[in-house]
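To start, the structure itself, in structure tokens.
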Amino acid sequence: MSKPVVATTSLAGCFGCHMSLLDIDERILELIELVEFNKSPIDDIKTFTKQCDIGLIEGGCCNRENIHISKNVRKTCKILFSLGECDLMGGLPALRNGIPVEECIREAYLDGPTVGLNKEQILPNDDELPMILDKVYPCHEIVKIDYYLPGCPPRADLIWNALVALVTGDELKLPYEVVKFD
Amino acid sequence: MNDKIKIHIDGKECWTTDGTSIIDAAKENGIFIPSLCHVDGIKPAGSCRICNIQVNGRNMTACSTPAVDGMHIESNIPELEEMRKAIIEIMFVAGNHFCPACEKSGNCELQALGYRYQMMVPRFPYEFPEKGVNADSKYIYHDRNRCIMCKRCVRGVIKDGKHVFAFNSRGGENLHIELDTELASQLTEAEALAAMDICPVGAILKKERGYYEPIGERKYDKEPIGSEIENK
């Protein structure tokens, strides 16, 4: 039987959840025995080359590209995991949710104390740049998510336990110390 | 009033004194009934509804109902546990609870109940309401984004006979708890710290006190909330 294929992606987050995945240390050798990795920043495969079984999404949706990617991951992966607080509830990027987008952009590019070099008062407005959304949305409000792994980042043991339980069909172990929101 | 009475909680025979609230009677007998608005020594308010129990099939709050001899109480039943979990989830979506950025994280009772009930994600959509922060008083930050309106501060933080915290109105969408800045500025450092401790979440913070305990040594890092009662 071929190994289950795993894809991972990072949206509006800090990449800490991927770092936590690497925090499983030498168990990563066991992991590559269990699964095969496809599109992921870890192996630097940029686009999907085949249908995947498991997708891990880190970070919420703050712009149109994030939405496009999460929908694409949803289409390509059979089972989706939501990884970390940014994905589950918007996380720190969602601190801007109470502030109008215009005000955020003005602060970032025109009025902020560290924007002195922007003398021509240029606002980024290129077709290549993804449009910023009115709010930062948790991924499960954009696409259907099957499993949630909270934490900032989710503890390496939580990611490991969840992946192994899913792949081997064993019961998922959730000791108290691994389910944390910070 | 000092007569011993017998009650049954989830079938377990418990002894307590007449007039004790059900939540305290349970505590005396090693049974944890979760609650966010109840705090020892302050008159109960029954505002969070997490301590809901059933007596003869009727829902009551364990903090504000006195135990009566011969009572049969159900607490740890799926129906109530599911409702408690739902209330906790509502509290998470109704405020702005950014656990990774909160100074109270690890010592927060709402978060600890989230852990105890293994809340992975709230089932309700996030509201991201607009709330305010009041940092005008000397030792206290009042961050309404995290307030769950349990009224612990309204009942328990008192300076010279006056309430430091109070509701701004009787109801409506804009209902929130206000801080009396002038009165709060008269609090001593120790009183400000006590006010921080009375808040179950991170809505009341003592200035210059953030992230005081390292991760791993905070109150709910190792043991779930309630285990200190259950393992007594």
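Chain identifiers are assigned as A, B, and so on, following the order in which chains appear in the structure tokens; residues are numbered from 1 within each chain, and ligands are numbered from 1 in order of appearance.
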
Problem set entry | Nearby residues (only C-alpha atoms) at most 7 Å from A:Pro93, same-chain spacing under 3 positions excluded, as an NGL selection string | :A and (90 or 96 or 136)

Exercise. Chain B residues within 6 Å of chain A, counting only C-alpha atoms: which ones, as a PyMOL selection string?
Worked result: chain B and resi 99-100+120+130

Problem set entry | All residues 6 Å or closer to stretch 33-50 of chain A, only C-alpha atoms, same chain fewer than 2 positions away omitted, as JSON, numbers by chain | {"A": [3, 4, 5, 6, 7, 8, 9, 30, 31]}

Would you mind exporting N, CA and C atoms of the selected residues as a JSON list (two decimals), in the first residue's frame?
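Output file part-v9.json is given in full below:
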[["chain", "number", "residue", "atom", "x", "y", "z"],
["A", 3, "LYS", "N", 2.07, 5.09, 0.72],
["A", 3, "LYS", "CA", 1.99, 5.88, 1.95],
["A", 3, "LYS", "C", 1.01, 7.04, 1.77],
["A", 4, "PRO", "N", 0.33, 7.45, 2.85],
["A", 4, "PRO", "CA", -0.53, 8.63, 2.75],
["A", 4, "PRO", "C", 0.30, 9.87, 2.40],
["A", 5, "VAL", "N", -0.30, 10.75, 1.58],
["A", 5, "VAL", "CA", 0.43, 11.94, 1.14],
["A", 5, "VAL", "C", -0.01, 13.14, 1.98],
["A", 6, "VAL", "N", 0.99, 13.87, 2.50],
["A", 6, "VAL", "CA", 0.71, 15.03, 3.36],
["A", 6, "VAL", "C", 1.16, 16.31, 2.66],
["A", 7, "ALA", "N", 0.32, 17.34, 2.72],
["A", 7, "ALA", "CA", 0.71, 18.66, 2.23],
["A", 7, "ALA", "C", 0.55, 19.65, 3.37],
["A", 8, "THR", "N", 1.40, 20.67, 3.41],
["A", 8, "THR", "CA", 1.24, 21.70, 4.44],
["A", 8, "THR", "C", 1.34, 23.07, 3.78],
["A", 9, "THR", "N", 0.69, 24.05, 4.38],
["A", 9, "THR", "CA", 0.78, 25.40, 3.84],
["A", 9, "THR", "C", 0.69, 26.42, 4.97],
["A", 30, "GLU", "N", 10.83, 8.84, 11.53],
["A", 30, "GLU", "CA", 9.69, 7.90, 11.58],
["A", 30, "GLU", "C", 8.55, 8.43, 10.71],
["A", 31, "LEU", "N", 8.40, 9.78, 10.74],
["A", 31, "LEU", "CA", 7.28, 10.38, 10.01],
["A", 31, "LEU", "C", 7.43, 10.14, 8.50]]

Problem set entry | Long-range neighbours of stretch 11-25 of chain A as a list in words, 8 Å cut-off, only C-alpha atoms, 5 positions minimum in chain |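 So the residues in contact are Ile42, Ile57, Glu58, Gly59, Gly60, Cys61, Cys62, Asn66, Leu83, Gly84, Cys86, Asp87, Gly91, Pro93, Cys152, Pro153, Pro154, Arg155, Ala156, Asp157, Ile159 and Trp160 of chain A.
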
Exercise. From the set A:Leu172, A:Leu133, A:Cys52, A:Ile122, which residue has the shortest atom-to-atom contact distance to A:Asn72, counting only C-alpha atoms?
Worked result: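 Of A:Leu172, A:Leu133, A:Cys52, A:Ile122, the one nearest A:Asn72, counting only C-alpha atoms, is A:Cys52.
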
Exercise. Rounded to one decimal in Å, what is the spacing between atom CA of B:Ser75 and atom CA of B:Ile53?
Worked result: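 One can read the atom CA of B:Ser75 to atom CA of B:Ile53 distance as 4.9 Å.
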
For this session: Mind listing the alpha helix (DSSP H) residues of stretch 113-216 of chain B, per DSSP on the backbone, as a list in words?
Result: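 Taking stretch 113-216 of chain B and keeping alpha helix (DSSP H) only, one gets Leu113, Gly114, Tyr115, Arg116, Arg152, Cys153, Val154, Arg155, Gly156, Thr181, Glu182, Leu183, Ala184, Glu189, Ala190, Glu191, Ala192, Leu193, Ala194, Ala195, Met196, Asp197 and Ile198 of chain B.
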
Go ahead and write the selection's residues with N, CA and C atoms as a PDB file, in the first residue's frame.
ATOM      1  N   LEU B 113     -10.930  26.207  31.778  1.00  0.00           N
ATOM      2  CA  LEU B 113     -12.138  25.410  31.531  1.00  0.00           C
ATOM      3  C   LEU B 113     -12.160  24.927  30.082  1.00  0.00           C
ATOM      4  N   GLY B 114     -11.647  25.769  29.162  1.00  0.00           N
ATOM      5  CA  GLY B 114     -11.494  25.338  27.764  1.00  0.00           C
ATOM      6  C   GLY B 114     -10.625  24.096  27.674  1.00  0.00           C
ATOM      7  N   TYR B 115      -9.544  24.076  28.468  1.00  0.00           N
ATOM      8  CA  TYR B 115      -8.659  22.898  28.497  1.00  0.00           C
ATOM      9  C   TYR B 115      -9.391  21.700  29.096  1.00  0.00           C
ATOM     10  N   ARG B 116     -10.080  21.948  30.203  1.00  0.00           N
ATOM     11  CA  ARG B 116     -10.738  20.843  30.907  1.00  0.00           C
ATOM     12  C   ARG B 116     -11.778  20.184  30.012  1.00  0.00           C
ATOM     13  N   ARG B 152     -17.599  39.549  39.057  1.00  0.00           N
ATOM     14  CA  ARG B 152     -16.761  39.335  40.245  1.00  0.00           C
ATOM     15  C   ARG B 152     -16.161  40.659  40.709  1.00  0.00           C
ATOM     16  N   CYS B 153     -15.686  41.478  39.749  1.00  0.00           N
ATOM     17  CA  CYS B 153     -15.040  42.743  40.126  1.00  0.00           C
ATOM     18  C   CYS B 153     -16.077  43.720  40.675  1.00  0.00           C
ATOM     19  N   VAL B 154     -17.281  43.699  40.086  1.00  0.00           N
ATOM     20  CA  VAL B 154     -18.329  44.602  40.552  1.00  0.00           C
ATOM     21  C   VAL B 154     -18.645  44.313  42.016  1.00  0.00           C
ATOM     22  N   ARG B 155     -18.651  43.030  42.361  1.00  0.00           N
ATOM     23  CA  ARG B 155     -19.014  42.645  43.729  1.00  0.00           C
ATOM     24  C   ARG B 155     -17.832  42.693  44.680  1.00  0.00           C
ATOM     25  N   GLY B 156     -16.626  42.443  44.140  1.00  0.00           N
ATOM     26  CA  GLY B 156     -15.510  42.183  45.047  1.00  0.00           C
ATOM     27  C   GLY B 156     -14.451  43.264  45.169  1.00  0.00           C
ATOM     28  N   THR B 181     -12.212  55.508  37.183  1.00  0.00           N
ATOM     29  CA  THR B 181     -10.774  55.791  37.097  1.00  0.00           C
ATOM     30  C   THR B 181     -10.251  56.496  38.343  1.00  0.00           C
ATOM     31  N   GLU B 182     -11.026  57.476  38.815  1.00  0.00           N
ATOM     32  CA  GLU B 182     -10.573  58.264  39.973  1.00  0.00           C
ATOM     33  C   GLU B 182     -10.426  57.390  41.219  1.00  0.00           C
ATOM     34  N   LEU B 183     -11.465  56.563  41.438  1.00  0.00           N
ATOM     35  CA  LEU B 183     -11.449  55.684  42.605  1.00  0.00           C
ATOM     36  C   LEU B 183     -10.356  54.618  42.455  1.00  0.00           C
ATOM     37  N   ALA B 184     -10.201  54.104  41.219  1.00  0.00           N
ATOM     38  CA  ALA B 184      -9.202  53.059  40.972  1.00  0.00           C
ATOM     39  C   ALA B 184      -7.798  53.592  41.218  1.00  0.00           C
ATOM     40  N   GLU B 189      -1.018  49.226  45.534  1.00  0.00           N
ATOM     41  CA  GLU B 189      -0.506  48.178  44.640  1.00  0.00           C
ATOM     42  C   GLU B 189      -1.072  46.816  45.021  1.00  0.00           C
ATOM     43  N   ALA B 190      -1.136  46.545  46.329  1.00  0.00           N
ATOM     44  CA  ALA B 190      -1.638  45.250  46.797  1.00  0.00           C
ATOM     45  C   ALA B 190      -3.110  45.085  46.442  1.00  0.00           C
ATOM     46  N   GLU B 191      -3.869  46.175  46.566  1.00  0.00           N
ATOM     47  CA  GLU B 191      -5.293  46.097  46.221  1.00  0.00           C
ATOM     48  C   GLU B 191      -5.482  45.892  44.713  1.00  0.00           C
ATOM     49  N   ALA B 192      -4.616  46.516  43.914  1.00  0.00           N
ATOM     50  CA  ALA B 192      -4.688  46.334  42.467  1.00  0.00           C
ATOM     51  C   ALA B 192      -4.384  44.884  42.094  1.00  0.00           C
ATOM     52  N   LEU B 193      -3.423  44.314  42.796  1.00  0.00           N
ATOM     53  CA  LEU B 193      -3.063  42.915  42.552  1.00  0.00           C
ATOM     54  C   LEU B 193      -4.223  41.989  42.930  1.00  0.00           C
ATOM     55  N   ALA B 194      -4.881  42.316  44.038  1.00  0.00           N
ATOM     56  CA  ALA B 194      -6.036  41.522  44.468  1.00  0.00           C
ATOM     57  C   ALA B 194      -7.162  41.641  43.443  1.00  0.00           C
ATOM     58  N   ALA B 195      -7.314  42.833  42.844  1.00  0.00           N
ATOM     59  CA  ALA B 195      -8.333  43.019  41.809  1.00  0.00           C
ATOM     60  C   ALA B 195      -8.011  42.176  40.585  1.00  0.00           C
ATOM     61  N   MET B 196      -6.721  42.089  40.234  1.00  0.00           N
ATOM     62  CA  MET B 196      -6.304  41.253  39.096  1.00  0.00           C
ATOM     63  C   MET B 196      -6.634  39.790  39.374  1.00  0.00           C
ATOM     64  N   ASP B 197      -6.404  39.376  40.631  1.00  0.00           N
ATOM     65  CA  ASP B 197      -6.652  37.979  40.984  1.00  0.00           C
ATOM     66  C   ASP B 197      -8.137  37.646  41.032  1.00  0.00           C
ATOM     67  N   ILE B 198      -8.956  38.635  41.332  1.00  0.00           N
ATOM     68  CA  ILE B 198     -10.393  38.376  41.430  1.00  0.00           C
ATOM     69  C   ILE B 198     -10.984  38.140  40.041  1.00  0.00           C
TER      70      ILE B 198
END
